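Visitor: Take a look at this one; I'll ask things after.
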Amino acid sequence: MTLIRDDRRASRPSTEPAPERLVYRRPDLLSDVSTHYCPGCGHGIVHRLLAEVLGDLGLGPRTIAVAPVGCAVFAYDYLRLDFVEAPHGRAPAVATGVRRVRPDAFVLAYQGDGDLAAIGTAEIVHAAARGEAITVIFVNNGIYGMTGGQMAPTTLLGQRTTSTPGGREARTAGYPLPITEMLALLPGVGYAARGSIADPSSVGKTKAMIRRACEIQVAERAFAIVEVLSTCPIGWGMTPREAARHLVDDVPATYPLGVIVDRFRDPAPAASTPR
Amino acid sequence: MTLIRDDRRASRPSTEPAPERLVYRRPDLLSDVSTHYCPGCGHGIVHRLLAEVLGDLGLGPRTIAVAPVGCAVFAYDYLRLDFVEAPHGRAPAVATGVRRVRPDAFVLAYQGDGDLAAIGTAEIVHAAARGEAITVIFVNNGIYGMTGGQMAPTTLLGQRTTSTPGGREARTAGYPLPITEMLALLPGVGYAARGSIADPSSVGKTKAMIRRACEIQVAERAFAIVEVLSTCPIGWGMTPREAARHLVDDVPATYPLGVIVDRFRDPAPAASTPR
Amino acid sequence: MTERATILAGFGGQGLLFAGQVLARAALAEGREVFWIPAYGPEMRGGTAACTIIVGDAPIGSPIPDRLAALVALNPPSLAKYEPLVAPGGLLVVNDSLVEADPTRADVEVVRVPCTSIARQIGDERLTCIVGLGALVARRRFVGWAAVEVAIADLLVSKGPGVVAADLAALDAGRRAATAPAIKSVATV
Amino acid sequence: MTERATILAGFGGQGLLFAGQVLARAALAEGREVFWIPAYGPEMRGGTAACTIIVGDAPIGSPIPDRLAALVALNPPSLAKYEPLVAPGGLLVVNDSLVEADPTRADVEVVRVPCTSIARQIGDERLTCIVGLGALVARRRFVGWAAVEVAIADLLVSKGPGVVAADLAALDAGRRAATAPAIKSVATV
Amino acid sequence: MMTAPTLPDERVLMKGNEAIAEAAIQAGCDAYFGYPITPQAELLEWMARRMPELGRAFVQAESELGAITMALGASAAGARVLASSSSPGMSLMAEAMSYMAGSELPVLVVNVMRGGPGLGSIGPAQSDYFQATKGHGHGDYRVPVLAPSSIAEAIALVADGFDLAERYRTPVILLADGILGQAMEPVDPHFRSLPPRHDDWSLSGADGRPPRVVRSLHLRPEDLEVHNDHLGAKYREIAAHEVRWVGERLDDAEIAVVAYGTAARVARTAIARARDAGLAVGLVRPISLWPFPSAVLARLAARLRALVVVELSAGQMVEDVRLAVEGQAPVFFHGRTGGMVPAPDEVLGVIRRAWAITADREVTP
Amino acid sequence: MMTAPTLPDERVLMKGNEAIAEAAIQAGCDAYFGYPITPQAELLEWMARRMPELGRAFVQAESELGAITMALGASAAGARVLASSSSPGMSLMAEAMSYMAGSELPVLVVNVMRGGPGLGSIGPAQSDYFQATKGHGHGDYRVPVLAPSSIAEAIALVADGFDLAERYRTPVILLADGILGQAMEPVDPHFRSLPPRHDDWSLSGADGRPPRVVRSLHLRPEDLEVHNDHLGAKYREIAAHEVRWVGERLDDAEIAVVAYGTAARVARTAIARARDAGLAVGLVRPISLWPFPSAVLARLAARLRALVVVELSAGQMVEDVRLAVEGQAPVFFHGRTGGMVPAPDEVLGVIRRAWAITADREVTP
Amino acid sequence: MAVAAPASRVPLPARARRHAFHPVEIDTDRCKGCELCVGACPPAVLALDPGIVNRLGHHPVRLTDPARCTSCALCARICPDAVFTVYARPRETAR
Amino acid sequence: MAVAAPASRVPLPARARRHAFHPVEIDTDRCKGCELCVGACPPAVLALDPGIVNRLGHHPVRLTDPARCTSCALCARICPDAVFTVYARPRETAR
Ligand SMILES: Cc1ncc(C[n+]2csc(CCOP(=O)(O)OP(=O)(O)O)c2C)c(N)n1
Ligand SMILES: Cc1ncc(C[n+]2csc(CCOP(=O)(O)OP(=O)(O)O)c2C)c(N)n1
Ligand code: SF4
Ligand code: SF4
Ligand code: SF4
Ligand code: SF4
Ligand code: SF4
Ligand code: SF4
Ligand SMILES: [Mg+2]
Ligand SMILES: [Mg+2]
C-alpha cells in the first residue's frame, strides 16, 4: 500500500504533528477556494500533486512559480506560492529571468501543451539547452483547453478537435510532437520523464517524478521536466471517466510513460524510440 | 576522381551542350556579381552548391526560395531564383505559406544557425513536425556572423565570441544545440543530414546531401534538411585557412557528420548519440 | 424604441445559449432585427453563463442593454447580477428549483417556475432554459409562439424527432407553469 | 563655427577606424570636443569603410557633416563618394597607390600620398590610414602633432613597443610625403 | 454555429467570427493562417472546416508569429490571404506587419480586440486603436484599418479589405471587438466575391522570366529612403481616396458623437434617447480608422458646439479627433476599458453634460 | 572599445552603446537580457564582458521574445533590469511590453533605432517614435520614453530611466538611434549610481508572508477596468511630473525648431547657421517623448510665427506637436528616412522657407 | 428537491467523527460531480447525490456506505478538487 | 605597384586558351584572396599575387605554373567566390 503511505507523508507537513489516524487531507499549499476547472480536469490533480510535493520537500516558502497562459493561468489562485504570470509560451524565459537573479529560490514553471509545445517551443528548448536550473511541469492534455478545444501540437492523429473537425491528419496538420524526447537529447537536461494522471496508481508514479524533478533542481542545479499526460474532458467531448479511460488506453501509444532521461542517475539517456 | 565527374555533370545544364573539355565552370544559377561575403566565407560555397544542384535537377525555374536574416540575407542577389525575404528566424513559416499555395513549386529555405536554431526554433520544429514539403539548407557556422560574431546556440563550448569573451561556458551560456538531431526524431522529417564545406572532399559529400534533400521534397513531398557546417573566418578571428582547419579538426566532435535520418531509405532513424 | 432585450442566465449546462438561439431565430423568421450574444469566457465553463437577445424592428443599437424587457434567472448569482437591469414593468422569470431568494424589485413582474424540476421530469436538465423560455414567451410576446416552436424544430432537425419533442414539451411546460395561477402566486409569497 | 570635420575612407583592412580613434583621442587629450563615428554595417566588411571625426571647441552639433575640412580617400570609390562634401579650401589626401583618377574639385587642396606603398614598406598594409593621417595632420593642425603621437602610444600600449614604433613611423612617413615638394606637385598634374 | 455554405435565399443568423471567415471564403480567400485566441477562435475553427472542404489552404500555426509569416509567404507567392487574432496575438505580429508593409504584401488581418494591457481580459475592447493606426511595428508605414460596427458590415468590409490590400499592395487590418466576434445577427448570405488575385510581381518560380524578389531590406539608406518615399506616396493616395465614414442625424446636430464599431452602436442608442429628450445630436462613425476622416471632422467642428468621443478605451481615437478639430470645438471623451461597455444612459449623460457646458457657444448648424 | 571600468579621473571617449551599458552597470543594474542586432550589438557585448565580472546576471537570449520575458521574470523577482534591441527586435517585444505595463514591472529597455519598415537598413532612424510613445503593444498603456541627444546625456538618462521605472512601477524606453549607438564622444566616467531596488511586491518566495502574484490578467472586465483606472491615474501623474525638455535660443525666437535626439543636433547646427544669417530661430528639444512637452509647445506656439519639426522619419513626432499646438501656429515638417540624416544646410533651407512663408504673421516674441 | 445548500450544511462536521466514525469527509461545495472518485473507489461506496445541486451547480458525491470504506484514499488520490479528507478506522474498531 | 585593374585586364581572356593552353581561368576581380584554393591545390600551383590590388581591395590568386596544373578542379570545388573555370588539357596534349 505504497500509495497510502505516500499520502500519509504528504499529509504531515513537518511543522505540525499528524492528526491521529489521518490518511489524507488537502495539502496546505492548496488555497482554500474552488478552482474554475471543468469537472474532472486533470489540472486539479496536478496542482494537488505539486502542493503535496512542495509541501513534503518544504520548498513552498522558497518557491517562485511561473503561471502559463492556458487553463492553468489561475494557478496562482490555487497554490499558495509566489507567482509571476508569463506571456503565452514564455514561462521558461520568465523562469530564467527569475532564476538568474534569485539564486536561492526554487523556480517552478507550469505549462500546458499549447503553451510549451507550440508558441513556446523556442523558450523551452533554449531553457533546456542552457541547462537552466528550473523545474518544468508540462501538462499535456493534447489540446488547447482554454480557447475551446483546438488542436495542439500534441493532439493525436485522428483526434477530433474544434480545429480538426475531421480528425487530425498528418498530411495537413502534421504529427504529434514528442517534445520531451527532443528535450531529453540536450545535455543540459538533468531529468525528463512522462507520467499520467489517468488513475490513482499513475498519479502516484507521477508524484514521484515531480518529486525527483524538484530534487534535481535543488541538488544538481539542472533543468528538469515532467510531462504529465492529462485530460481535458470538455475539449475531448468526453465525460471525465471516459477521458480517463482514453488516457489509459490510447494516449501512451503515442506518448510512452516513464523516465526518459535521468542524467544524475544514468548519464546515458534511455534510448527513446520516437514515433 | 568522383569529384571531377560530379563537377562535369554540374557544369552541364541539360539545356545546353557541354563545351569541349570543360571540367568546371561557374553554374548558371549563380548571378554574375561579387558577393558581399568576407574572404573565405562558407556561404559562398553553399550558394555555389545550391546553384549546381538546382541546375543539375532542373529545379531553378520551379523554385521559390526563402532568404534568411543573417549574412545570407542577400542570397537573392547571388542566386537566380525567385526569392522572398523572411523575418529573422521565420523562414520555415514563410516557406510553409509558399508551400501551401504553390503545390507545384520547389520550396527552399536557406538559414543560418542564429536564424534557425535560436530565434527560429519554433518555426523549424513545427515545419518539421508538420512534415512540410520543403528543403532547408541550414548553414551552421557556430556564430552570429552578420551582427558581429556573437555566440550562437551552436557555438562550441569554450569558443570565444564577442558575447562570450572568455569562451562559452555551459553553466551560464548553455550547451551547443544539436537541433538537427532533435528534428530527426520527428516522423515528418524525411531526411536530415550534416555535411561540411571544410575541404573539397567534404564539399562533394555535402553536395550529394543537398541533392538528396531536394529530391526528397520532389519525390516524397516530405521535409528535408541539410545542416552544413561552415566557417565564419571573421567571426572566428581566424584566416580562412585556419577556419577550414578548425572545421575539420574541432567542430565535428560536437556535430558529427553524416546522414542522421533518411526515412525513405531507412525508415528507422540512425541512432544518434547526442552530446 | 422598439428594442426588447432579454437576458437568459444561469449555470452552464442549463441550455442557455441554445434557448437564446431559439429566441433569435424566431425573431429572424418573423423578419425582425435581432442580436444575440453569449457572455463568453473561461469562467463560464462549468460556472455561470448568460446570453443576451435583443429583438427590434430596426437595426439593433447598443449590444449591451441597460434596460431589460425580460430576465430569466436560473440560479441565484444570475438573479443577483441582472435583476437591477430589468426595466420597470419588465418580466422576471425565476427558477424556483434553485433560487430560494426572492427578487427585491417591486416594479417588475415576477414569475417563479421550477425550471430544473420540470426539465428533469422531461428527462434532461439541459432543457431548463427552454422551460424558462416557454414561461417568458407565454408572458411577453416579443416573438410569436409558433415562431418559437418552428425555430426549435429547425435548429434540432438533425437531432431527430425525439429531441424536438422533448424541447417542445419543455417549452410548453414552461408556458403552462407561467400561466397557471398557482405558480403565479409564488411571485407574491 | 569651430567644428572641423574629417572623413577617413577606403577599404576595410586599411586601418581607418583606428586612425580615426587616434585623431579623436588626440583631440580629447587637448581638451577639445570630439565626435567619432564609423560608417557601420555589413556592407563595410571586406568592402569599403569610412569614419568621421569632428573636432570642435563646443559640443558637436550635426553628427553628419556636410562641409568637410578634410578627406583622406584611400581607394577610388571613397574619392568619388566624399569629394563633393569637402568644403572649399578643404584638404583632400588621396592614396596615390590605389587611386589613379584625379580629384575633380579645383577649390580644394589636394595632396597625393602613396599610402599603401608606404605602409607596405613599413611592413603592414593596415598602416595605410595612419600614413594618410600623418599627411592630414601635417597639413591641417586640427590637433597637435604631439597629441597624435601620444594617442597612438596610448591606444597601442598593450600591443608592445614594436607596434607603436611602426605606427609612429607610418605617421611620420605620411607627414614627410605630404610636405615633400615632389609629392605635393602631384596635386597639380 | 449556423451553416452558411448552402447559401439560402433568406437572411441567416451568423456569428460575427464565422461571418467574417465565410465572407473571406466567398471573397476568394486562398489561404488562412491563424492561432487560437479568445474571442476570435470561431473564425479559425470555421476556416478549419471550410477551407479544406474547398481545397484551399488552412494552417493552424505554432504561434501568431508563425501564422503571420506563413501569411507573408503565401501572399508573396500570389495568394489572397487572411490571418486573424486578438490583441495579445496581434502584438506578436508587429514585426511581420512591418515587414509586410515594407515588402508591400497584401494580407487581410483581423483583430477581434479584447481588454488589455497584457493578458487583460477577454471582454470586448477598442484599446488597440493606436496599435492598428500608428505604432504597431517599427518604421514609417501605415496600414489601412477598417472597423465594422455590425456583422453585416464586417462581411462587406472583408471584401473591401482584400480589394484595398491588393490594389495598394499593403496589409489591411479589419478591427473588430469581442462583441462583434461573439454576437449573432441576421445577414444576407450572398457575400461579395472578388476576381482572383492578379499581379506581376509575386513569386511562382523564375520560369521564362527574370527572378523576382520580395523583400523589405534596402541596406543602403539612399535606397531605403527612395522606397520610403514610394510608400509615402502610396499612403497619401490611400489617404486621398479611401476614407470611409458614415454620418447619422448630422444635418441639424449641434453636438456630434464620434465613435466606431461597437461604441458607435451604443452611441446610436444614446443619441436616440438624446433626440427623444430634445437634444440635437448626431453621429460620426469612422469606418476607416486609417485613413481617418479628419477632413470631415474639421469641417463639422467649425459649426458644432462640441464633439463627444466614445470609445471602449482610455482614449485613443480621441487624439485623432483632436488633431483633426485643431481646437475649433471642444472635444469631450468618454471611455470604458478592460472589457466594459458603456451603457447608453451613461453616454447620454456625457452628451447632456457636453450640452450644458457648451450652452453659450455660438454654433451655426 | 575603451575600457571605462577603471574610472579614470579625466573624460574618456566612449561608444554610445558601451556608455549606455556601463551607465546601467554603474546605476546598479542587476541583470541584462538581450539579443544581438545592429546597431546595438556593442551594448550586449559590453554587458557580456562586464556583468559576469561583477557577478551579475547576463543572458544572451534565444530571441528578443526570450530576452524581454527574461527581463519580465527578473524584474518580478526584484531585480533592476536592462534589456536592449533595435527596431525589428523592439517590434517583437510588443506583447511583453504590454504585459509588463499591465503587471507594472520596472524594466529599462533601450531601442537603438534603425531604418524601417521591415528589415529596412541599419542606418540611424527615428521612425519608431509612434511605436515607443503610442501603439506598440495592445491595450491602454503608456511607457515613459527618454530620448538622449548625446552620449553624455544617454548616460544620465539611463539612471533617470531606472529611477522613473522603479518609482512608477513601469517599463521605460530609452530611445536612441544608430548614430548615438555607434559614435564615440568624450564623457565624464563618473556615472550616477542608484540605491538598490526596493519594493514590497516583488517575488522572493512566500516565506513568512502571504504569497505575492505579479500578473496582468484581470479576467472580470470590472476588475480590469479598475486596474486600468489605476494605471491611468499613474500615467496622469507621470504626465504631470516627468516632462523633460530643453530649450535653446528661444528667448527672441520667432521660429522654433522641434527635434529630439540626433535630429536635434543637426537642428542645432542649422540654427547656428540661421542665426549667422540673421534669423531668430530657437530649438525645443523634447527629452521625454512621452510624456510629451505639449504644454510648453502650446505656450510657445502662441507667440511664434512657425514651428519646424525635424525628424529622421516620415513624420511621427510632428503629430504630437500639431496636437499640442492646436492650430495656433503653422507647423512645418522636414524628415529624412531609411537611415538618411538631413544635412544642416537642408534644415536651414526648411527654416528659410518657413521664415519666408510666415513673413506676414504677427508674432510677439 | 433541495436547493443549493450553504457550505456548512452538507459536509460532515469534523466533530461528528468523534461520535459515529466516518472515514471520509467530503467538501461537498467544491465537488464538481466528475465521478472520477466513483470510478476509483474499490468497494464502490461513492456515488453522486442527484438530490442536491451545490453552489457550483453540480450534484456532489456522497459516501453511500461508510462501513464498507477501507480508507484506501484512492478517491483522494484522484480527486481533481481535493475534496476528500480520509481517516483510517480507529485502532479499536479496525483491528 | 599596380593599381586596381579594370575587370577586362587581368583575367585570362577565353580566346587566349585556343593559343597557349591554360587549364584554369580566374575571374580575378572577384577573387577575395582567401587562399582556400591555394591550400586545396594538390600541385600547389596557385598563389596570391601581391602585386595586384583588385577592385575589392584584395590581392587575387594567380596560377603560377599552368603546366603543372592537373585540371583536378579542387580549386573550383572550394572557392567561395566561384572564380574558377577549369578545362582539361586537350586530348592531343594530355594523352
Ligand atoms: C499570444 C497569445 N496567443 C493566444 C492566446 C490564447 N490562448 C490562451 S490559452 C491558449 C492555449 C491553451 O492551451 P494549453 O497550453 O494546452 O493549455 P490548456 O488550456 O490546454 O491547459 C491560447 C492559445 C493568448 N492568450 N496569447
Ligand atoms: C528580430 C531581429 N533580431 C535580430 C536581428 C539581427 N540579426 C541579423 S542577422 C542575425 C543572426 C545572424 O546569425 P546567423 O543566422 O547564424 O547567420 P550568419 O550571419 O552567421 O550566416 C541577427 C541576430 C534582426 N535582423 N532581427
Ligand atoms: S477546458 Fe479542459 S483543460 Fe481547461 S479547465 Fe476545462 S477540462 Fe480543464
Ligand atoms: S561575417 Fe562570417 S558569415 Fe558573415 S560574411 Fe563574414 S565570414 Fe561570412
Ligand atoms: S477511501 Fe477508498 S474505499 Fe473509502 S471512499 Fe475513498 S476510495 Fe472508496
Ligand atoms: S473526484 Fe472529487 S470532484 Fe469528482 S466527483 Fe469525486 S469528489 Fe467530486
Ligand atoms: S585544377 Fe587542380 S591543379 Fe589546377 S589549379 Fe585547380 S586545384 Fe590546382
Ligand atoms: S578560393 Fe577563390 S576567392 Fe579564395 S583565393 Fe582562391 S580564387 Fe580567390
Ligand atoms: Mg492543453
Ligand atoms: Mg551563423
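Chain labels run A, B, ... following the order of the C-alpha cells; each chain numbers its residues from 1, and ligands are numbered from 1 in the order shown.
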As an MDAnalysis selection string, please: every protein or nucleic acid residue near ligand 1 (cut-off 6 Å, counting only C-alpha atoms and all ligand atoms).

Guide: (chainID A and resid 69:72 88 112:115 141 143:147) or (chainID E and resid 36:38 88:89)

Visitor: As a VMD selection string, please: the residues near segment 244-250 of chain B (cut-off 10 Å, only C-alpha atoms, same-chain neighbours under 4 positions excluded).

Guide: (chain B and resid 40 to 42 141 156 196 to 199 202 229 to 233 236 238 to 240 254 to 255) or (chain H and resid 36 39)

Visitor: Given the selection you just returned, output its residues as a file containing N, CA and C atoms, formatted as a short mmCIF file (atom, residue, chain, number, x, y, z; two decimals), in the first residue's frame.

Guide:
```cif
data_model
loop_
_atom_site.label_atom_id
_atom_site.label_comp_id
_atom_site.auth_asym_id
_atom_site.auth_seq_id
_atom_site.Cartn_x
_atom_site.Cartn_y
_atom_site.Cartn_z
N GLY B 40 36.71 33.94 -47.95
CA GLY B 40 36.72 32.60 -47.40
C GLY B 40 35.46 32.20 -46.69
N CYS B 41 34.42 33.02 -46.74
CA CYS B 41 33.18 32.69 -46.04
C CYS B 41 32.49 31.49 -46.68
N GLY B 42 32.05 30.55 -45.85
CA GLY B 42 31.42 29.34 -46.34
C GLY B 42 30.12 29.56 -47.09
N ASN B 141 27.57 28.02 -38.92
CA ASN B 141 28.94 28.47 -38.73
C ASN B 141 29.23 28.78 -37.27
N LEU B 156 30.59 26.36 -30.02
CA LEU B 156 31.21 25.27 -29.26
C LEU B 156 31.51 25.71 -27.83
N SER B 196 29.70 19.34 -44.45
CA SER B 196 30.66 20.39 -44.11
C SER B 196 31.24 20.94 -45.41
N ILE B 197 31.84 22.11 -45.34
CA ILE B 197 32.50 22.67 -46.52
C ILE B 197 33.97 22.90 -46.23
N ALA B 198 34.51 22.09 -45.31
CA ALA B 198 35.88 22.34 -44.86
C ALA B 198 36.92 22.11 -45.93
N ASP B 199 36.67 21.15 -46.82
CA ASP B 199 37.66 20.84 -47.85
C ASP B 199 36.91 20.29 -49.07
N SER B 202 34.74 17.12 -48.49
CA SER B 202 33.51 17.36 -47.74
C SER B 202 32.49 18.10 -48.60
N LEU B 229 28.00 22.41 -41.92
CA LEU B 229 28.98 23.06 -41.04
C LEU B 229 29.83 23.98 -41.90
N SER B 230 29.87 25.23 -41.48
CA SER B 230 30.51 26.22 -42.33
C SER B 230 31.45 27.08 -41.49
N THR B 231 32.11 28.01 -42.18
CA THR B 231 33.08 28.85 -41.48
C THR B 231 32.62 30.29 -41.45
N CYS B 232 33.10 30.99 -40.46
CA CYS B 232 32.96 32.45 -40.41
C CYS B 232 34.33 32.97 -39.98
N PRO B 233 35.25 33.05 -40.95
CA PRO B 233 36.62 33.43 -40.57
C PRO B 233 36.64 34.73 -39.76
N TRP B 236 35.24 34.11 -36.30
CA TRP B 236 36.09 33.20 -35.52
C TRP B 236 37.44 33.83 -35.22
N MET B 238 39.91 34.10 -37.37
CA MET B 238 40.90 33.22 -37.99
C MET B 238 41.05 33.61 -39.46
N THR B 239 42.15 33.18 -40.06
CA THR B 239 42.23 33.29 -41.50
C THR B 239 41.31 32.23 -42.08
N PRO B 240 40.93 32.40 -43.33
CA PRO B 240 40.05 31.38 -43.94
C PRO B 240 40.66 29.98 -43.86
N THR B 254 31.61 17.86 -31.88
CA THR B 254 30.32 18.28 -31.33
C THR B 254 29.19 18.01 -32.31
N TYR B 255 29.49 18.16 -33.58
CA TYR B 255 28.46 17.99 -34.61
C TYR B 255 28.92 16.93 -35.60
N LEU H 36 41.84 29.73 -49.92
CA LEU H 36 41.33 28.36 -49.75
C LEU H 36 41.78 27.50 -50.92
N GLY H 39 45.36 26.38 -50.62
CA GLY H 39 45.55 25.22 -49.75
C GLY H 39 45.03 23.94 -50.37
#
```

Visitor: Please tabulate, as CSV, the residues of chain D that come within 9 Å of chain H, each with its closest pair of atoms and the distance in Å to one decimal, counting only C-alpha atoms and ordering rows by chain, then residue number upward.

Guide:
```
residue,atom,partner,partner_atom,distance
D:Phe11,CA,H:Gly57,CA,6.3
D:Gly12,CA,H:Gly57,CA,8.3
D:Gly13,CA,H:Gly57,CA,8.8
D:Gly46,CA,H:Leu56,CA,7.6
D:Gly47,CA,H:Leu56,CA,6.3
D:Thr48,CA,H:Leu56,CA,8.3
D:Asn75,CA,H:Gly57,CA,8.4
D:Pro76,CA,H:Arg55,CA,8.9
D:Asp96,CA,H:Val3,CA,8.9
D:Ser97,CA,H:Val3,CA,6.4
D:Leu98,CA,H:Val3,CA,4.9
D:Val99,CA,H:Val3,CA,7.1
D:Glu100,CA,H:Val3,CA,7.2
D:Ser117,CA,H:Met1,CA,7.5
```

Visitor: Those residues you just picked out, can you put them in a file as a compact mmCIF listing (two decimals), in the first residue's frame with N, CA, C and O atoms?

Guide:
```txt
# COMPACT_ATOMS: atom_id res chain seq x y z
N PHE D 11 39.27 51.02 -48.08
CA PHE D 11 38.91 49.62 -47.90
C PHE D 11 38.96 49.26 -46.42
O PHE D 11 39.72 49.86 -45.65
N GLY D 12 38.14 48.26 -46.03
CA GLY D 12 38.37 47.66 -44.73
C GLY D 12 39.79 47.09 -44.76
O GLY D 12 40.29 46.74 -45.83
N GLY D 13 40.47 47.05 -43.64
CA GLY D 13 41.82 46.49 -43.63
C GLY D 13 42.89 47.54 -43.82
O GLY D 13 44.07 47.24 -43.80
N GLY D 46 35.01 43.91 -45.45
CA GLY D 46 35.75 43.49 -46.63
C GLY D 46 35.52 44.41 -47.82
O GLY D 46 36.18 44.29 -48.84
N GLY D 47 34.60 45.33 -47.68
CA GLY D 47 34.36 46.24 -48.78
C GLY D 47 34.91 47.61 -48.41
O GLY D 47 36.02 47.72 -47.93
N THR D 48 34.13 48.63 -48.63
CA THR D 48 34.61 49.96 -48.28
C THR D 48 34.26 50.27 -46.83
O THR D 48 33.35 49.70 -46.26
N ASN D 75 40.82 54.79 -51.45
CA ASN D 75 40.55 53.98 -52.64
C ASN D 75 39.62 54.75 -53.57
O ASN D 75 39.07 55.80 -53.17
N PRO D 76 39.45 54.29 -54.78
CA PRO D 76 38.69 55.10 -55.75
C PRO D 76 37.24 55.41 -55.33
O PRO D 76 36.81 56.56 -55.43
N ASP D 96 47.70 57.68 -53.44
CA ASP D 96 48.23 57.59 -54.79
C ASP D 96 48.48 56.15 -55.22
O ASP D 96 48.53 55.85 -56.41
N SER D 97 48.62 55.24 -54.29
CA SER D 97 48.90 53.85 -54.64
C SER D 97 47.71 53.19 -55.32
O SER D 97 47.87 52.30 -56.14
N LEU D 98 46.53 53.56 -54.95
CA LEU D 98 45.36 52.85 -55.47
C LEU D 98 44.43 53.74 -56.28
O LEU D 98 43.55 53.24 -56.98
N VAL D 99 44.58 55.03 -56.17
CA VAL D 99 43.65 55.93 -56.87
C VAL D 99 44.35 56.55 -58.07
O VAL D 99 45.27 57.36 -57.90
N GLU D 100 43.93 56.13 -59.24
CA GLU D 100 44.53 56.69 -60.46
C GLU D 100 43.92 58.04 -60.79
O GLU D 100 44.58 58.97 -61.19
N SER D 117 51.71 51.95 -50.53
CA SER D 117 53.11 51.56 -50.74
C SER D 117 53.94 51.86 -49.51
O SER D 117 54.76 51.04 -49.08
```

Visitor: Between F:Ala132, F:Ile179, F:Ala77, F:Leu219, which one has atoms that come closest to chain C, using only C-alpha atoms?

Guide: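 Distance minimum relative to chain C lands on F:Leu219.
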
Visitor: Show me, as number ranges by chain, every residue of chain B with an atom at most 10 Å from chain A, counting only C-alpha atoms.

Guide: B: 100, 117-133, 153, 169-179, 181-188, 221-222, 268-269, 271-275

Visitor: Between B:Gln111, B:Phe138, B:Asp28, B:Thr35, which has the minimum distance to ligand 8 (counting only C-alpha atoms and all ligand atoms)?

Guide: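 For ligand 8, the nearest of the candidates is B:Thr35.
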
Visitor: Run DSSP on the backbone and give me the residues of segment 9-135 of chain C it puts in helix (DSSP H, G or I), as number ranges by chain.

Guide: C: 16-29, 42-44, 76-85, 115-122, 125-135

Visitor: What residues in chain E have any atom no more than 7 Å from chain F when counting only C-alpha atoms, and can you write them as a PyMOL selection string?

Guide: chain E and resi 87-88+91-92+94-95+98-99+101-102+115-123+127-128+130-131+134-141+216-222+224-225+228+313-314+322-323+326-327+337-340
